$ cat model.csv   # CSV, C-alpha atoms (C1' of nucleotides)
chain,number,residue,atom,x,y,z
A,1,MET,CA,43.8,-1.3,-29.5
A,2,HIS,CA,43.5,-5.0,-29.3
A,3,SER,CA,43.2,-5.4,-25.6
A,4,ASP,CA,39.5,-5.3,-24.7
A,5,VAL,CA,38.2,-8.1,-26.8
A,6,VAL,CA,38.7,-10.9,-24.3
A,7,ALA,CA,36.3,-11.3,-21.3
A,8,SER,CA,32.8,-12.6,-22.1
A,9,ARG,CA,33.2,-16.1,-23.5
A,10,SER,CA,34.2,-18.7,-20.9
A,11,ALA,CA,34.5,-22.3,-22.1
A,12,ASP,CA,32.0,-24.0,-24.2
A,13,GLN,CA,32.2,-23.5,-27.9
A,14,LYS,CA,29.1,-25.2,-29.2
A,15,ASP,CA,29.5,-24.5,-32.9
A,16,SER,CA,32.8,-25.9,-34.2
A,17,ARG,CA,32.4,-23.8,-37.3
A,18,GLU,CA,33.4,-20.8,-35.4
A,19,PHE,CA,37.1,-20.0,-35.1
A,20,ARG,CA,39.0,-19.0,-32.0
A,21,ASN,CA,41.0,-15.9,-32.8
A,22,GLY,CA,42.5,-14.4,-29.8
A,23,GLY,CA,39.1,-13.5,-28.5
A,24,ALA,CA,37.1,-12.7,-31.6
A,25,GLN,CA,34.5,-15.1,-32.8
A,26,LEU,CA,33.7,-15.2,-36.5
A,27,ASP,CA,30.6,-17.0,-37.7
A,28,ALA,CA,29.8,-17.8,-41.3
A,29,VAL,CA,27.8,-14.6,-41.8
A,30,SER,CA,30.7,-12.4,-40.7
A,31,LEU,CA,33.0,-14.3,-43.0
A,32,ALA,CA,30.6,-13.7,-45.8
A,33,ILE,CA,30.5,-10.0,-45.0
A,34,ILE,CA,34.3,-9.9,-45.1
A,35,GLU,CA,34.2,-11.7,-48.4
A,36,GLN,CA,32.0,-9.1,-49.9
A,37,LEU,CA,34.2,-6.3,-48.7
A,38,GLN,CA,37.3,-8.0,-50.0
A,39,GLU,CA,35.7,-7.7,-53.4
A,40,ASP,CA,34.8,-4.0,-52.9
A,41,GLY,CA,35.5,-2.2,-49.8
A,42,ARG,CA,32.9,0.5,-50.6
A,43,ARG,CA,30.0,-1.9,-51.3
A,44,PRO,CA,26.8,-0.5,-49.7
A,45,TYR,CA,25.6,-2.2,-46.6
A,46,ALA,CA,22.2,-2.9,-48.2
A,47,ALA,CA,23.8,-4.8,-51.0
A,48,ILE,CA,25.9,-6.8,-48.6
A,49,GLY,CA,22.8,-7.5,-46.5
A,50,LYS,CA,21.1,-8.9,-49.6
A,51,ALA,CA,24.0,-11.1,-50.3
A,52,VAL,CA,24.4,-12.6,-46.8
A,53,GLY,CA,20.7,-12.5,-45.7
A,54,LEU,CA,20.7,-9.7,-43.2
A,55,SER,CA,19.2,-6.3,-42.9
A,56,GLU,CA,21.2,-3.2,-43.8
A,57,ALA,CA,21.4,-2.2,-40.1
A,58,ALA,CA,22.7,-5.5,-39.0
A,59,VAL,CA,25.4,-5.5,-41.6
A,60,ARG,CA,26.4,-2.1,-40.5
A,61,GLN,CA,26.6,-3.1,-36.9
A,62,ARG,CA,28.7,-6.2,-37.7
A,63,VAL,CA,31.1,-4.3,-39.9
A,64,GLN,CA,31.6,-1.6,-37.3
A,65,LYS,CA,32.3,-4.3,-34.7
A,66,LEU,CA,34.8,-6.1,-37.0
A,67,LEU,CA,36.6,-2.8,-37.5
A,68,ASP,CA,36.6,-1.9,-33.8
A,69,GLN,CA,37.9,-5.3,-32.9
A,70,GLY,CA,40.7,-5.0,-35.4
A,71,VAL,CA,39.7,-8.1,-37.1
A,72,MET,CA,39.4,-6.3,-40.4
A,73,GLN,CA,40.4,-2.9,-41.9
A,74,ILE,CA,39.0,-1.3,-44.9
A,75,VAL,CA,41.7,0.6,-46.8
A,76,ALA,CA,43.1,1.6,-50.1
A,77,VAL,CA,46.1,-0.5,-51.1
A,78,THR,CA,48.5,0.3,-53.9
A,79,ASP,CA,51.8,-0.9,-55.2
A,80,PRO,CA,54.2,1.5,-53.4
A,81,LEU,CA,56.6,1.2,-56.4
A,82,THR,CA,53.8,2.6,-58.5
A,83,VAL,CA,53.2,5.5,-56.2
A,84,GLY,CA,56.7,7.0,-55.8
A,85,PHE,CA,58.4,4.8,-53.3
A,86,ARG,CA,61.2,3.6,-55.3
A,87,ARG,CA,62.8,1.1,-53.1
A,88,GLN,CA,61.1,-1.8,-51.3
A,89,ALA,CA,62.6,-4.9,-49.8
A,90,MET,CA,61.9,-7.9,-47.7
A,91,VAL,CA,64.3,-8.4,-44.9
A,92,GLY,CA,64.9,-11.7,-43.2
A,93,ILE,CA,66.2,-11.4,-39.6
A,94,ASN,CA,67.8,-13.7,-37.2
A,95,VAL,CA,67.5,-12.9,-33.5
A,96,GLU,CA,69.2,-14.0,-30.4
A,97,GLY,CA,67.1,-13.8,-27.3
A,98,ASP,CA,63.5,-12.6,-27.3
A,99,VAL,CA,62.1,-12.4,-30.8
A,100,GLU,CA,58.9,-10.7,-29.9
A,101,SER,CA,60.5,-7.7,-28.3
A,102,VAL,CA,62.6,-7.1,-31.5
A,103,ALA,CA,59.4,-7.5,-33.5
A,104,ASP,CA,57.8,-4.9,-31.4
A,105,VAL,CA,60.5,-2.4,-32.1
A,106,LEU,CA,60.3,-3.0,-35.8
A,107,THR,CA,56.6,-2.7,-35.7
A,108,ALA,CA,57.0,0.8,-34.4
A,109,MET,CA,59.1,1.9,-37.4
A,110,SER,CA,57.1,3.6,-40.0
A,111,GLU,CA,59.2,2.2,-42.8
A,112,CYS,CA,58.1,-1.3,-41.8
A,113,GLU,CA,54.9,-2.1,-43.5
A,114,TYR,CA,54.7,-5.7,-42.6
A,115,VAL,CA,56.2,-7.6,-39.7
A,116,VAL,CA,55.8,-11.4,-39.2
A,117,MET,CA,57.4,-13.9,-36.9
A,118,THR,CA,58.3,-17.1,-38.8
A,119,ALA,CA,59.7,-20.6,-38.4
A,120,GLY,CA,62.5,-21.5,-40.7
A,121,SER,CA,65.9,-20.0,-41.3
A,122,PHE,CA,64.7,-16.5,-40.3
A,123,ASP,CA,63.0,-15.6,-37.1
A,124,LEU,CA,61.4,-12.5,-38.5
A,125,MET,CA,60.5,-11.3,-41.9
A,126,VAL,CA,59.9,-7.6,-42.5
A,127,GLU,CA,58.7,-5.7,-45.5
A,128,ILE,CA,60.3,-2.2,-45.9
A,129,VAL,CA,59.1,0.7,-48.0
A,130,CYS,CA,61.6,3.5,-48.7
A,131,GLU,CA,61.9,6.6,-50.8
A,132,ASP,CA,65.3,5.7,-52.4
A,133,ASP,CA,68.5,3.7,-52.0
A,134,ASP,CA,69.9,5.9,-49.3
A,135,HIS,CA,66.8,5.6,-47.3
A,136,LEU,CA,66.8,1.9,-47.6
A,137,LEU,CA,70.4,1.6,-46.8
A,138,ASP,CA,69.9,3.7,-43.7
A,139,VAL,CA,67.0,1.6,-42.5
A,140,ILE,CA,68.7,-1.7,-42.9
A,141,ASN,CA,72.2,-0.9,-41.8
A,142,LYS,CA,71.7,1.8,-39.3
A,143,ARG,CA,68.4,1.0,-37.8
A,144,ILE,CA,67.6,-2.7,-38.1
A,145,ARG,CA,71.1,-4.2,-37.8
A,146,ALA,CA,71.8,-1.9,-34.9
A,147,LEU,CA,69.0,-3.3,-32.8
A,148,PRO,CA,70.1,-5.3,-29.7
A,149,GLY,CA,69.3,-8.9,-30.3
A,150,VAL,CA,69.6,-8.8,-34.1
A,151,ARG,CA,72.2,-11.4,-35.0
A,152,SER,CA,72.0,-11.1,-38.8
A,153,THR,CA,69.9,-9.9,-41.7
A,154,GLU,CA,69.4,-10.8,-45.3
A,155,SER,CA,67.7,-8.4,-47.8
A,156,PHE,CA,65.7,-9.0,-50.9
A,157,VAL,CA,65.2,-5.9,-52.9
A,158,TYR,CA,61.9,-5.8,-54.8
A,159,LEU,CA,62.2,-5.7,-58.6
A,160,LYS,CA,58.6,-6.0,-59.5
A,161,LEU,CA,55.4,-6.7,-57.6
A,162,LYS,CA,53.4,-9.3,-59.6
A,163,LYS,CA,50.4,-9.9,-57.4
A,164,GLN,CA,48.7,-8.5,-54.4
A,165,THR,CA,45.3,-9.9,-53.5
A,166,TYR,CA,43.0,-10.1,-50.5
A,167,MET,CA,40.5,-12.4,-52.1
A,168,TRP,CA,41.3,-15.6,-50.2
A,169,GLY,CA,37.7,-15.6,-49.0
A,170,THR,CA,36.4,-16.0,-52.5
A,171,ARG,CA,37.6,-19.3,-53.7
B,1,MET,CA,42.0,-5.7,-66.9
B,2,HIS,CA,45.3,-3.8,-66.9
B,3,SER,CA,45.8,-3.6,-70.6
B,4,ASP,CA,44.2,-0.4,-71.8
B,5,VAL,CA,46.2,2.0,-69.7
B,6,VAL,CA,49.0,2.7,-72.1
B,7,ALA,CA,48.3,4.8,-75.3
B,8,SER,CA,47.8,8.5,-74.7
B,9,ARG,CA,51.0,9.9,-73.3
B,10,SER,CA,53.8,10.2,-75.7
B,11,ALA,CA,57.1,11.7,-74.5
B,12,ASP,CA,57.4,15.0,-72.7
B,13,GLN,CA,56.9,14.9,-68.9
B,14,LYS,CA,57.1,18.5,-67.9
B,15,ASP,CA,56.5,18.1,-64.1
B,16,SER,CA,59.2,16.1,-62.4
B,17,ARG,CA,57.0,15.8,-59.4
B,18,GLU,CA,54.9,13.3,-61.3
B,19,PHE,CA,55.9,9.7,-61.3
B,20,ARG,CA,56.1,7.4,-64.3
B,21,ASN,CA,54.2,4.3,-63.4
B,22,GLY,CA,53.7,2.1,-66.4
B,23,GLY,CA,51.3,4.7,-67.9
B,24,ALA,CA,49.7,6.2,-64.9
B,25,GLN,CA,50.5,9.7,-63.8
B,26,LEU,CA,50.0,10.6,-60.2
B,27,ASP,CA,50.2,14.2,-59.0
B,28,ALA,CA,50.3,15.5,-55.5
B,29,VAL,CA,46.5,15.7,-55.2
B,30,SER,CA,45.9,12.1,-56.2
B,31,LEU,CA,48.6,11.1,-53.7
B,32,ALA,CA,46.7,13.0,-51.0
B,33,ILE,CA,43.5,11.3,-52.0
B,34,ILE,CA,45.1,7.9,-51.7
B,35,GLU,CA,46.5,8.9,-48.3
B,36,GLN,CA,43.0,9.7,-47.1
B,37,LEU,CA,41.7,6.4,-48.3
B,38,GLN,CA,44.6,4.5,-46.7
B,39,GLU,CA,43.4,5.9,-43.4
B,40,ASP,CA,39.8,4.9,-44.1
B,41,GLY,CA,38.7,3.3,-47.3
B,42,ARG,CA,35.1,4.4,-46.7
B,43,ARG,CA,35.7,8.1,-46.0
B,44,PRO,CA,33.1,10.2,-47.9
B,45,TYR,CA,34.2,12.0,-51.0
B,46,ALA,CA,33.2,15.3,-49.6
B,47,ALA,CA,35.4,14.9,-46.5
B,48,ILE,CA,38.3,13.9,-48.8
B,49,GLY,CA,37.6,16.9,-51.0
B,50,LYS,CA,37.8,19.2,-48.0
B,51,ALA,CA,41.1,17.7,-47.0
B,52,VAL,CA,42.7,17.9,-50.4
B,53,GLY,CA,41.0,21.1,-51.7
B,54,LEU,CA,38.7,19.7,-54.3
B,55,SER,CA,35.0,19.4,-54.9
B,56,GLU,CA,33.2,16.2,-54.0
B,57,ALA,CA,32.6,15.4,-57.7
B,58,ALA,CA,36.2,15.9,-58.6
B,59,VAL,CA,37.4,13.5,-55.9
B,60,ARG,CA,34.8,11.0,-57.0
B,61,GLN,CA,36.1,11.1,-60.6
B,62,ARG,CA,39.7,10.8,-59.5
B,63,VAL,CA,39.0,7.9,-57.3
B,64,GLN,CA,37.1,6.1,-60.0
B,65,LYS,CA,39.9,6.6,-62.4
B,66,LEU,CA,42.5,5.4,-59.9
B,67,LEU,CA,40.4,2.2,-59.4
B,68,ASP,CA,39.9,1.7,-63.2
B,69,GLN,CA,43.6,2.1,-63.9
B,70,GLY,CA,44.5,-0.4,-61.2
B,71,VAL,CA,46.7,2.0,-59.4
B,72,MET,CA,44.7,1.5,-56.2
B,73,GLN,CA,42.1,-0.9,-54.8
B,74,ILE,CA,39.8,-0.4,-51.9
B,75,VAL,CA,39.3,-3.6,-50.0
B,76,ALA,CA,38.9,-5.2,-46.6
B,77,VAL,CA,42.1,-6.8,-45.3
B,78,THR,CA,42.4,-9.2,-42.4
B,79,ASP,CA,45.0,-11.4,-40.8
B,80,PRO,CA,44.2,-14.7,-42.5
B,81,LEU,CA,45.3,-16.5,-39.4
B,82,THR,CA,42.5,-14.7,-37.6
B,83,VAL,CA,39.9,-15.7,-40.0
B,84,GLY,CA,40.3,-19.4,-40.2
B,85,PHE,CA,43.2,-20.0,-42.5
B,86,ARG,CA,45.5,-21.8,-40.2
B,87,ARG,CA,48.7,-22.0,-42.2
B,88,GLN,CA,50.4,-19.3,-43.9
B,89,ALA,CA,54.0,-19.1,-45.2
B,90,MET,CA,56.5,-17.1,-47.2
B,91,VAL,CA,58.3,-19.1,-49.8
B,92,GLY,CA,61.6,-18.0,-51.4
B,93,ILE,CA,62.1,-19.5,-54.8
B,94,ASN,CA,65.2,-19.9,-57.1
B,95,VAL,CA,64.5,-20.1,-60.8
B,96,GLU,CA,66.5,-21.2,-63.7
B,97,GLY,CA,65.5,-19.6,-67.0
B,98,ASP,CA,62.8,-17.1,-67.3
B,99,VAL,CA,61.7,-15.8,-63.9
B,100,GLU,CA,58.7,-13.9,-65.1
B,101,SER,CA,57.0,-16.8,-66.6
B,102,VAL,CA,57.3,-18.8,-63.4
B,103,ALA,CA,55.9,-15.7,-61.6
B,104,ASP,CA,53.0,-15.7,-63.9
B,105,VAL,CA,52.1,-19.2,-63.1
B,106,LEU,CA,52.3,-18.6,-59.4
B,107,THR,CA,50.2,-15.5,-59.8
B,108,ALA,CA,47.4,-17.6,-61.3
B,109,MET,CA,47.3,-19.9,-58.2
B,110,SER,CA,44.6,-18.8,-55.8
B,111,GLU,CA,46.7,-19.8,-52.7
B,112,CYS,CA,49.3,-17.3,-53.6
B,113,GLU,CA,48.3,-14.0,-52.1
B,114,TYR,CA,51.4,-12.1,-52.9
B,115,VAL,CA,54.0,-12.6,-55.6
B,116,VAL,CA,57.1,-10.4,-56.0
B,117,MET,CA,60.3,-10.7,-58.1
B,118,THR,CA,63.4,-9.9,-56.0
B,119,ALA,CA,67.1,-9.4,-56.1
B,120,GLY,CA,69.1,-11.4,-53.6
B,121,SER,CA,69.4,-15.0,-52.8
B,122,PHE,CA,65.9,-15.6,-54.0
B,123,ASP,CA,64.5,-14.8,-57.4
B,124,LEU,CA,60.9,-14.8,-56.2
B,125,MET,CA,59.1,-14.5,-52.9
B,126,VAL,CA,55.6,-15.7,-52.6
B,127,GLU,CA,53.1,-15.5,-49.7
B,128,ILE,CA,50.8,-18.5,-49.4
B,129,VAL,CA,47.6,-18.8,-47.5
B,130,CYS,CA,46.3,-22.3,-46.7
B,131,GLU,CA,43.6,-24.0,-44.8
B,132,ASP,CA,45.8,-26.5,-42.9
B,133,ASP,CA,49.1,-28.3,-43.0
B,134,ASP,CA,48.1,-30.8,-45.6
B,135,HIS,CA,47.0,-28.0,-47.9
B,136,LEU,CA,50.3,-26.1,-47.4
B,137,LEU,CA,52.3,-29.2,-48.0
B,138,ASP,CA,50.5,-29.9,-51.1
B,139,VAL,CA,50.9,-26.4,-52.5
B,140,ILE,CA,54.6,-26.2,-51.8
B,141,ASN,CA,55.7,-29.7,-52.6
B,142,LYS,CA,53.3,-30.8,-55.3
B,143,ARG,CA,52.5,-27.5,-57.0
B,144,ILE,CA,55.4,-25.0,-56.6
B,145,ARG,CA,58.4,-27.4,-56.6
B,146,ALA,CA,56.9,-29.2,-59.6
B,147,LEU,CA,56.9,-26.2,-61.8
B,148,PRO,CA,59.4,-26.3,-64.7
B,149,GLY,CA,62.2,-23.8,-64.0
B,150,VAL,CA,61.9,-23.9,-60.2
B,151,ARG,CA,65.3,-24.9,-59.0
B,152,SER,CA,64.8,-24.8,-55.2
B,153,THR,CA,62.5,-23.3,-52.5
B,154,GLU,CA,62.7,-22.4,-48.9
B,155,SER,CA,59.7,-21.9,-46.7
B,156,PHE,CA,59.0,-19.7,-43.7
B,157,VAL,CA,55.9,-20.7,-41.9
B,158,TYR,CA,54.1,-17.8,-40.2
B,159,LEU,CA,53.9,-18.0,-36.5
B,160,LYS,CA,52.4,-14.6,-35.8
B,161,LEU,CA,51.5,-11.6,-37.8
B,162,LYS,CA,52.7,-8.5,-35.9
B,163,LYS,CA,52.0,-5.7,-38.3
B,164,GLN,CA,50.2,-5.1,-41.5
B,165,THR,CA,49.8,-1.5,-42.6
B,166,TYR,CA,49.1,0.5,-45.7
B,167,MET,CA,49.9,3.9,-44.2
B,168,TRP,CA,53.1,4.7,-45.9
B,169,GLY,CA,51.5,7.8,-47.3
B,170,THR,CA,50.9,9.2,-43.9
B,171,ARG,CA,54.3,9.8,-42.4
C,1,DC,C1',45.0,33.7,-85.0
C,2,DG,C1',40.7,31.3,-84.8
C,3,DC,C1',38.5,26.9,-84.2
C,4,DC,C1',37.5,22.8,-82.2
C,5,DA,C1',38.5,18.7,-79.6
C,6,DT,C1',39.9,17.1,-74.9
C,7,DG,C1',40.4,16.7,-70.0
C,8,DG,C1',39.3,18.1,-65.6
C,9,DC,C1',36.7,20.9,-62.3
C,10,DT,C1',32.3,22.9,-60.4
C,11,DG,C1',27.4,23.0,-59.1
C,12,DC,C1',23.2,21.1,-58.6
C,13,DG,C1',19.0,18.2,-58.0
C,14,DA,C1',17.4,13.4,-57.5
C,15,DA,C1',18.2,8.9,-55.8
C,16,DA,C1',20.4,6.0,-52.8
C,17,DT,C1',22.9,5.3,-48.6
C,18,DC,C1',24.2,6.0,-44.0
C,19,DC,C1',23.1,6.6,-39.3
C,20,DG,C1',20.9,6.7,-34.8
C,21,DC,C1',17.4,4.9,-32.2
C,22,DA,C1',13.4,2.5,-30.4
C,23,DG,C1',11.5,-2.0,-30.0
C,24,DG,C1',11.4,-7.2,-30.2
C,25,DC,C1',13.3,-11.6,-29.6
C,26,DT,C1',16.4,-15.1,-27.6
C,27,DT,C1',19.8,-16.6,-24.4
C,28,DC,C1',22.2,-16.6,-20.1
C,29,DT,C1',22.5,-15.6,-15.2
C,30,DC,C1',21.2,-15.5,-10.7
D,1,DG,C1',10.9,-15.4,-13.4
D,2,DA,C1',13.1,-10.9,-13.4
D,3,DG,C1',16.8,-8.7,-15.4
D,4,DA,C1',20.8,-8.0,-18.3
D,5,DA,C1',23.1,-8.7,-22.6
D,6,DG,C1',23.5,-9.5,-27.5
D,7,DC,C1',21.7,-9.2,-31.9
D,8,DC,C1',18.3,-8.3,-35.1
D,9,DT,C1',14.6,-5.4,-37.7
D,10,DG,C1',12.2,-1.2,-39.1
D,11,DC,C1',12.0,3.4,-39.7
D,12,DG,C1',12.7,8.4,-40.4
D,13,DG,C1',16.1,12.3,-41.1
D,14,DA,C1',20.7,13.6,-42.4
D,15,DT,C1',24.3,12.7,-45.4
D,16,DT,C1',26.3,10.9,-49.4
D,17,DT,C1',26.5,9.3,-53.9
D,18,DC,C1',25.4,9.7,-58.7
D,19,DG,C1',24.6,11.6,-63.3
D,20,DC,C1',24.7,15.5,-66.0
D,21,DA,C1',25.1,20.1,-67.9
D,22,DG,C1',28.2,23.8,-68.1
D,23,DC,C1',32.7,26.2,-67.7
D,24,DC,C1',37.6,26.9,-68.4
D,25,DA,C1',42.3,25.9,-69.7
D,26,DT,C1',45.2,23.4,-72.8
D,27,DG,C1',46.8,21.6,-77.2
D,28,DG,C1',46.7,20.5,-81.9
D,29,DC,C1',45.9,22.3,-86.6
D,30,DG,C1',44.8,24.7,-90.9

$ encode --input "model.csv" --output "structure tokens"
Amino acid sequence: MHSDVVASRSADQKDSREFRNGGAQLDAVSLAIIEQLQEDGRRPYAAIGKAVGLSEAAVRQRVQKLLDQGVMQIVAVTDPLTVGFRRQAMVGINVEGDVESVADVLTAMSECEYVVMTAGSFDLMVEIVCEDDDHLLDVINKRIRALPGVRSTESFVYLKLKKQTYMWGTR
Amino acid sequence: MHSDVVASRSADQKDSREFRNGGAQLDAVSLAIIEQLQEDGRRPYAAIGKAVGLSEAAVRQRVQKLLDQGVMQIVAVTDPLTVGFRRQAMVGINVEGDVESVADVLTAMSECEYVVMTAGSFDLMVEIVCEDDDHLLDVINKRIRALPGVRSTESFVYLKLKKQTYMWGTR
DNA sequence: CGCCATGGCTGCGAAATCCGCAGGCTTCTC
DNA sequence: GAGAAGCCTGCGGATTTCGCAGCCATGGCG
């Protein structure tokens, strides 16, 4: 899904305000559009256009491209604990050998909602969403710890989600 | 914003399929609606209604209520590293005294995107989004470690975000 | 039991939004 | 300078959203 973005651009970035993001260029206008949609993912294109100084059609084309490129997704987010998933945990993982290949396996697991490679005393941190204790136990002990390359894990079971935002753009 | 949800319901839950969520009841249909919106936050109400067996207006009313109650939010999400925020980290925190009051302070900080109380060798885990190294350093050393009650912290700087999903409903 | 709120669903018409497309402008390449 | 590519605008037609009136089941209450 992320593979066809490259090509096009060769060398010269003339505007240093743009960011280099694995192939996708984001100018100030696209940032502003994302900001609008971080406040309300269903905001009409015309309203966004008025806010960022573009026509409705232009906003629509940009949003579509951002979605296609995988730069942004527009989704409903909830607190899983609020919606019937009773056990959630962050798991720190130490790996010997190739970290990324382990990360890829974890990424393929549906219980893993969030996978990130880190520097520090863990190589990977993974957020896990489960139905109940048995399910959580199974995922951590049987599935994650059993992976080749996984040296050790440490779990942090969620007690209460206090904050969950996507408003970094608006500050 | 979250304060007027309580009231109403008194004691008797008759349907065990419903979840108790700090005042919000979610039946199977609302779950199904959320599932639809986790796939595409902009999906038309009529399409959702067809999928879950409800009229367009009914879906609209339910979605509005879920948003009002704070059970769900519909937003654009991105990888901050892709959008110009160059440093991101997970910070594990140990607290002496009241954990929740520390969590509340962190929640108020705009750089904290995600705050969760945990069981395990950390009391709190916080995800931080920063512009650059200086900013990150400032937040961790000057702001978080300086809070009364914070005994120690451990940081995990993000190297690469591998997965970020909200599709737990669809499995 | 009868009565009356309450909550949630449907149906419908009007208004707003989305969508596809044709055309214009600028930039880049050859 | 011709041609391609990228991005924008403007504009109808199709679709969606929105507000509201009405209906029905449920639950208290005298």

$ residues_around --input "model.csv" --residues "range 22-30 of chain C" --least-positions-apart "2" --cutoff "9 Å" --atoms "all atoms listed in the file" --output "MDAnalysis selection string"
chainID D and resid 3:6 8:9

$ residues_around --input "model.csv" --residues "DA5 in chain C" --least-positions-apart "4" --cutoff "12 Å" --atoms "all atoms listed in the file" --output "CSV table (one decimal) with C-alpha atoms (C1' of nucleotides), keeping the file's coordinate frame"
chain,number,residue,atom,x,y,z
D,26,DT,C1',45.2,23.4,-72.8
D,27,DG,C1',46.8,21.6,-77.2
D,28,DG,C1',46.7,20.5,-81.9
D,29,DC,C1',45.9,22.3,-86.6

$ residues_around --input "model.csv" --residues "Leu159 in chain A" --least-positions-apart "2" --cutoff "7 Å" --atoms "all atoms listed in the file" --output "ChimeraX atom specification"
/A:157,161 /B:117-119

$ atom_distance --input "model.csv" --atom1 "CA of Ala57 in chain A" --atom2 "CA of Asp79 in chain B"
25.3 Å

$ residues_near_point --input "model.csv" --point "(21.3, 19.3, -61.7)" --cutoff "7 Å" --atoms "only C-alpha atoms (C1' of nucleotides)" --output "JSON, numbers by chain"
{"C": [12, 13], "D": [20]}

$ residues_near_point --input "model.csv" --point "(34.8, 22.7, -66.0)" --cutoff "12 Å" --atoms "only C-alpha atoms (C1' of nucleotides)" --output "MDAnalysis selection string"
(chainID B and resid 55 57:58) or (chainID C and resid 6:11) or (chainID D and resid 21:25)

$ write_last_selection --input "model.csv" --atoms "C-alpha atoms (C1' of nucleotides)" --output "mmCIF file, in the coordinates of the input"
data_model
loop_
_atom_site.group_PDB
_atom_site.id
_atom_site.type_symbol
_atom_site.label_atom_id
_atom_site.label_comp_id
_atom_site.auth_asym_id
_atom_site.auth_seq_id
_atom_site.Cartn_x
_atom_site.Cartn_y
_atom_site.Cartn_z
ATOM 1 C CA SER B 55 35.000 19.400 -54.900
ATOM 2 C CA ALA B 57 32.600 15.400 -57.700
ATOM 3 C CA ALA B 58 36.200 15.900 -58.600
ATOM 4 C "C1'" DT C 6 39.900 17.100 -74.900
ATOM 5 C "C1'" DG C 7 40.400 16.700 -70.000
ATOM 6 C "C1'" DG C 8 39.300 18.100 -65.600
ATOM 7 C "C1'" DC C 9 36.700 20.900 -62.300
ATOM 8 C "C1'" DT C 10 32.300 22.900 -60.400
ATOM 9 C "C1'" DG C 11 27.400 23.000 -59.100
ATOM 10 C "C1'" DA D 21 25.100 20.100 -67.900
ATOM 11 C "C1'" DG D 22 28.200 23.800 -68.100
ATOM 12 C "C1'" DC D 23 32.700 26.200 -67.700
ATOM 13 C "C1'" DC D 24 37.600 26.900 -68.400
ATOM 14 C "C1'" DA D 25 42.300 25.900 -69.700
#

$ interface_residues --input "model.csv" --of "chain B" --to "chain C" --cutoff "12 Å" --atoms "all atoms listed in the file" --output "JSON, numbers by chain"
{"B": [8, 42, 43, 44, 53, 54, 55, 56, 57, 58, 59, 60, 61, 62, 65]}

$ closest_residue --input "model.csv" --among "A:Ile93, A:Met109, A:Val115, A:Val99" --to "chain B" --atoms "only C-alpha atoms"
A:Val115

$ interface_residues --input "model.csv" --of "chain B" --to "chain A" --cutoff "7 Å" --atoms "all atoms listed in the file" --output "JSON, numbers by chain"
{"B": [19, 21, 34, 37, 38, 39, 40, 41, 42, 71, 72, 73, 74, 75, 76, 77, 78, 82, 84, 107, 113, 114, 115, 116, 117, 118, 119, 120, 155, 156, 157, 158, 159, 160, 161, 162, 163, 164, 165, 166]}

$ write_last_selection --input "model.csv" --atoms "C-alpha atoms" --output "compact mmCIF listing (two decimals), keeping the file's coordinate frame"
# COMPACT_ATOMS: atom_id res chain seq x y z
CA PHE B 19 55.90 9.70 -61.30
CA ASN B 21 54.20 4.30 -63.40
CA ILE B 34 45.10 7.90 -51.70
CA LEU B 37 41.70 6.40 -48.30
CA GLN B 38 44.60 4.50 -46.70
CA GLU B 39 43.40 5.90 -43.40
CA ASP B 40 39.80 4.90 -44.10
CA GLY B 41 38.70 3.30 -47.30
CA ARG B 42 35.10 4.40 -46.70
CA VAL B 71 46.70 2.00 -59.40
CA MET B 72 44.70 1.50 -56.20
CA GLN B 73 42.10 -0.90 -54.80
CA ILE B 74 39.80 -0.40 -51.90
CA VAL B 75 39.30 -3.60 -50.00
CA ALA B 76 38.90 -5.20 -46.60
CA VAL B 77 42.10 -6.80 -45.30
CA THR B 78 42.40 -9.20 -42.40
CA THR B 82 42.50 -14.70 -37.60
CA GLY B 84 40.30 -19.40 -40.20
CA THR B 107 50.20 -15.50 -59.80
CA GLU B 113 48.30 -14.00 -52.10
CA TYR B 114 51.40 -12.10 -52.90
CA VAL B 115 54.00 -12.60 -55.60
CA VAL B 116 57.10 -10.40 -56.00
CA MET B 117 60.30 -10.70 -58.10
CA THR B 118 63.40 -9.90 -56.00
CA ALA B 119 67.10 -9.40 -56.10
CA GLY B 120 69.10 -11.40 -53.60
CA SER B 155 59.70 -21.90 -46.70
CA PHE B 156 59.00 -19.70 -43.70
CA VAL B 157 55.90 -20.70 -41.90
CA TYR B 158 54.10 -17.80 -40.20
CA LEU B 159 53.90 -18.00 -36.50
CA LYS B 160 52.40 -14.60 -35.80
CA LEU B 161 51.50 -11.60 -37.80
CA LYS B 162 52.70 -8.50 -35.90
CA LYS B 163 52.00 -5.70 -38.30
CA GLN B 164 50.20 -5.10 -41.50
CA THR B 165 49.80 -1.50 -42.60
CA TYR B 166 49.10 0.50 -45.70

$ interface_residues --input "model.csv" --of "chain D" --to "chain B" --cutoff "12 Å" --atoms "all atoms listed in the file" --output "JSON, numbers by chain"
{"D": [15, 16, 17, 18, 19, 20]}
